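Q: Attaching a single structure in structure tokens format; questions to follow.
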Amino acid sequence: MSSESTAFLLPFLDPHAWGAAVPPWAKVPGIGTAPASSTPAGWPATGAAGGPLGEYLLDSWQRSILFLDILRQRSNAQAEMTSRPQATVLSFGHDVLMSGRALPRPINYSLSRIVPPPGLEVDPRKRPVVVVDPRAGQGPGIGGFKAESEIGEALRNGHPVYFIGFAAMPEPEQTFLDVVEGQVAFFERIAELHPDAPPPFAIGNCQAGYQTLMVAMLRPDLFGPCMVAGSPMSYWQGERGKNPMRYSGGLLGGSWLTAMVSDLGKGKFDGTWLILNFDNLNPANWLWGKQYDVYAAVESEGQRYLEFEKWWGDFITLNGAEIQFLVDEFFIGDKLARNEVRSTDGRIFDLRNISSPVIVFTSLGDNISPPPQTLGWILDLYRDVDDIRAEGRTIVYCMNQKVGHLAIFVSAKVGAKEDEEMVRLMDVIDCLPPGLYELIIEPATEAETQAADAGPKSPWHSRFEARSLDDIRAYGRNSVEDDRAFAAVRRLSEINHSLYRTFLQPTVRALATPQFAEFLFRANPLRASYTLFADTNPVMKGVAKAAEEVAKARKSAPADNPFLVAEKFASDQISAALDAFREARDQWVEKTFFAIYGAPALQGLLGLNLDEKVRQLPANSPQKEAFRAGKIAEFRARLGEGGFSAALVRAALYVISAVRTMDENAARSLNEARQRLTQLSLEEFKALVREQFYILLLEREAAVEAIADLVTDPAQRQELADTVASIAAADGSYTLAERQRVERLAALLSVAVPKAPVLVLAADKSASDGIRQMAPANTN
């Protein structure tokens, strides 16, 4: 080997070279440059002699060292978080009020009170807000990860806030139903702490969404509005060409593999496998993009990356029985929305039992819990919107157009928009008439902001638009043939799981020693990607010191450096190639799934060729039908009862329903009228709104005519007409339909027509009959 070649290789062969301030290439003749007096001793200058290549090599070397140090910090943070029994990434102080370990059936959950930051005060008489964090692989705290979050917005609006989190390890013998039934005690404790406040606004993120709704199904009296964010409940549903994650169970042959992984872990299931499933959905981001974005902008992106990875790498463990229940009953069984899941004492979990409004926050960009899965339960349970109304239920959904699954919980933009509006409007939503609505959030005009009530000013203006079930179907729904294929997965999974338990499970459990379980735990590829770069790895010795030296002498290449441009182009090509792989893989997965489970031969072997319906609406019990008939008779009998309060609510609903939209200003104006003109509490007002809505629904013409009989005093009649007109025009304008109904109301009351505001005939506020007769033939 020539002396020149040896001189070239020596810097790279030096075991300490990568940890030094001087990059190896700087010592190579013809590439490095002479030291400059303005740089540390031994550090190469990057002037004209180095040229663009020298600038780029110096920049990339420095970024490599700094990026390696970021990976080191990430790994150390992961090791520190997972070493604690109950770590959290909450950015708010909190006091533990109640531990689930003290319950008759111990669980690893706890109830905490959020301590308001300095400068913020909460009113114990306001509705409490309870945030329940998802236990789907990572530790707790994501709902309060940032100041602009569900917790942050609730505190800013003066609400007491509570947090339900969990420990990294489950309690021995803990089951999923133990967790659901045990959390009833948490909400009972909150009710005791706030006897003068309305029932709490519960927020469940992802997995905690359906878990929280199950708690509300058991004890609906403990709950106010319930918001589920990115939470799947109709697990089979989706669209062809999208949502490939729903095919995973079928291609694995069902849930037997889940059982085997738990058996190999000595009855414990490593939540890291769940995170790998999420990562695998987008290999371009997981394998390349997320890391390259940090490497490319190491100074600006490093801290943000570390903050997120602190939670993403906080791995937790589940009992094998817990994850087996979730997979069998929910993900493969799809039983929740079909009333096939029972509590430990035999009660059916029926979503229709929840008496408070249910708010669904979902996104078109969510490929983990897409809209067909987050909204599909509405189609599973109700025939039409009149069926929802007949049950006395209010369902509101809010659709984000682009954010991904995690952004629903962690995005500061989501926190400052959707989360803020959900919290701000919780009492408005609680008083909405029964039905299905979409919450539309738009930037507020300057006039709307200035006219807002005292308190925190919102930059947003919201309205609730009436929707039909066809609007839900438009987001995607399985065909009958698709549902039959998923039903085939369900039956084959039961067979394979039974075969595994009979023939393989005893052997697997005998071979799974504690040492082998620990080895599998540490050898998990995602876990290893953290421990590889931790300080416990001797190879990482010296990285921190090298990064410190590099930071002092940092010199970035200009953005137009041709080599830097080429690097970014190469990165884009790598991402594009991984995206192409993902698209090809997803297409293959979908085609393979339906080729196997859509095959008539397999379906015949599984008994699915007998023309049976694989998905049908759960039937109402005779008791529920009798109760519904009794309530209808009761509402009709109260047509001429109620006095001024009933007349005010009935007249307001009659006028507002002309456009099938409830503007937030109209809702607030109606509530202000309730406080000013009636003696009704919020709960009494809520009940009156539902009662008068039903009366209008059943006997609209007779109900409107009867308003004059409810108010006989001329002064009260004029006040009623003026108040209803101001409610309808709370956003500053009438529509033609609203104006016509105000005029009819004035004629019925024999009073002067209230002064008309500016008349608006917008396309989105066209006249329509918002309150319709309840009829089985309704096609919504």
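Here, A, B, ... name the chains of the structure tokens in the order displayed, residue numbers run from 1 inside each chain, and ligands are numbered from 1 in the same displayed order.
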Extract, using only C-alpha atoms, all DNA, RNA and protein residues at most 12 Å from Ala390 of chain A, discarding same-chain residues fewer than 6 positions from it, and format them as a ChimeraX atom specification.
A: /A:352,382-384,433-436,620,624-625,627-632,635,690-691,693-695,697-698,773-776
Q: Would you mind exporting the chosen residues as a PDB file, in the first residue's frame, restricted to C-alpha atoms?
A:
ATOM      1  CA  ARG A 352     -77.306   3.356  23.033  1.00  0.00           C
ATOM      2  CA  TYR A 382     -79.338   3.145  14.103  1.00  0.00           C
ATOM      3  CA  ARG A 383     -81.631   2.782  11.099  1.00  0.00           C
ATOM      4  CA  ASP A 384     -81.903   6.525  10.455  1.00  0.00           C
ATOM      5  CA  PRO A 433     -81.747  18.628  20.663  1.00  0.00           C
ATOM      6  CA  PRO A 434     -81.428  14.904  19.901  1.00  0.00           C
ATOM      7  CA  GLY A 435     -80.034  14.066  16.477  1.00  0.00           C
ATOM      8  CA  LEU A 436     -76.873  13.779  14.396  1.00  0.00           C
ATOM      9  CA  ASN A 620     -84.534  -3.265  20.777  1.00  0.00           C
ATOM     10  CA  LYS A 624     -87.395  -0.437  25.424  1.00  0.00           C
ATOM     11  CA  GLU A 625     -90.081  -0.395  22.720  1.00  0.00           C
ATOM     12  CA  PHE A 627     -90.855   2.705  27.082  1.00  0.00           C
ATOM     13  CA  ARG A 628     -90.512   4.552  23.776  1.00  0.00           C
ATOM     14  CA  ALA A 629     -94.255   4.243  23.073  1.00  0.00           C
ATOM     15  CA  GLY A 630     -95.037   5.518  26.570  1.00  0.00           C
ATOM     16  CA  LYS A 631     -92.779   8.557  26.129  1.00  0.00           C
ATOM     17  CA  ILE A 632     -94.416   9.411  22.794  1.00  0.00           C
ATOM     18  CA  PHE A 635     -95.075  14.109  24.954  1.00  0.00           C
ATOM     19  CA  ARG A 690     -85.470  17.610  24.530  1.00  0.00           C
ATOM     20  CA  GLU A 691     -89.137  17.563  25.536  1.00  0.00           C
ATOM     21  CA  PHE A 693     -88.062  19.118  20.439  1.00  0.00           C
ATOM     22  CA  TYR A 694     -90.000  15.845  20.631  1.00  0.00           C
ATOM     23  CA  ILE A 695     -93.314  17.669  20.793  1.00  0.00           C
ATOM     24  CA  LEU A 697     -91.180  16.377  16.044  1.00  0.00           C
ATOM     25  CA  LEU A 698     -94.424  14.528  16.769  1.00  0.00           C
ATOM     26  CA  GLN A 773     -92.357  13.989  11.438  1.00  0.00           C
ATOM     27  CA  MET A 774     -90.936  10.785  12.906  1.00  0.00           C
ATOM     28  CA  ALA A 775     -91.755   8.095  10.355  1.00  0.00           C
ATOM     29  CA  PRO A 776     -90.395   4.597   9.759  1.00  0.00           C
TER      30      PRO A 776
END
Q: Residues at most 12 Å from Phe186 of chain A, counting only C-alpha atoms, excluding those fewer than 6 positions away in the same chain, as a PyMOL selection string?
A: chain A and resi 96-100+102-103+107+109-113+130-132+162-165+179-180+192-193+200+202+212+215-216+219+222-223
Q: From the options A:Lys242, A:Arg84, A:Arg477, A:His497, which residue's atoms come nearest to Leu257 of chain A, counting only C-alpha atoms?
A: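 Smallest distance to Leu257 of chain A is found for A:His497.
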Q: When you look at Leu66 of chain A with a cut-off of 10 Å (counting only C-alpha atoms), what residues show up, excluding the ones that are within fewer than 3 positions of it in the same chain? I need them as a short mmCIF file (atom, residue, chain, number, x, y, z; two decimals) with C-alpha atoms, in the first residue's frame.
A:
data_model
loop_
_atom_site.label_atom_id
_atom_site.label_comp_id
_atom_site.auth_asym_id
_atom_site.auth_seq_id
_atom_site.Cartn_x
_atom_site.Cartn_y
_atom_site.Cartn_z
CA SER A 60 -22.47 16.74 7.10
CA TRP A 61 -19.78 15.58 9.52
CA GLN A 62 -20.95 18.02 12.16
CA ARG A 63 -24.58 17.08 11.63
CA ASP A 69 -25.82 12.69 20.19
CA ILE A 70 -29.56 13.27 19.77
CA LEU A 71 -30.02 9.50 19.37
CA ARG A 72 -27.96 9.05 22.53
CA VAL A 294 -33.75 15.69 12.27
CA TYR A 295 -30.38 15.11 10.62
CA VAL A 298 -30.37 19.17 13.60
CA GLU A 299 -30.41 22.45 15.52
CA GLY A 302 -33.57 18.09 17.66
CA VAL A 543 -20.23 11.09 21.77
CA ALA A 544 -21.41 13.71 24.25
CA ALA A 546 -17.61 15.30 20.64
CA ALA A 547 -21.06 16.87 20.19
CA GLU A 548 -20.12 19.64 22.60
CA GLU A 549 -16.98 20.45 20.60
CA VAL A 550 -18.88 20.31 17.32
CA ALA A 551 -21.56 22.71 18.62
CA ARG A 554 -20.67 24.59 14.01
#
Q: Could you name the residues that touch Leu749 of chain A at 7 Å or less, counting only C-alpha atoms, but leaving out those on the same chain fewer than 3 positions away, as a VMD selection string?
A: chain A and resid 708 717 745 to 746
Q: Find the residue from A:Val724, A:Ile65, A:Leu120, A:Ala559 that sits nearest to Pro754 of chain A; use only C-alpha atoms when measuring.
A: A:Val724
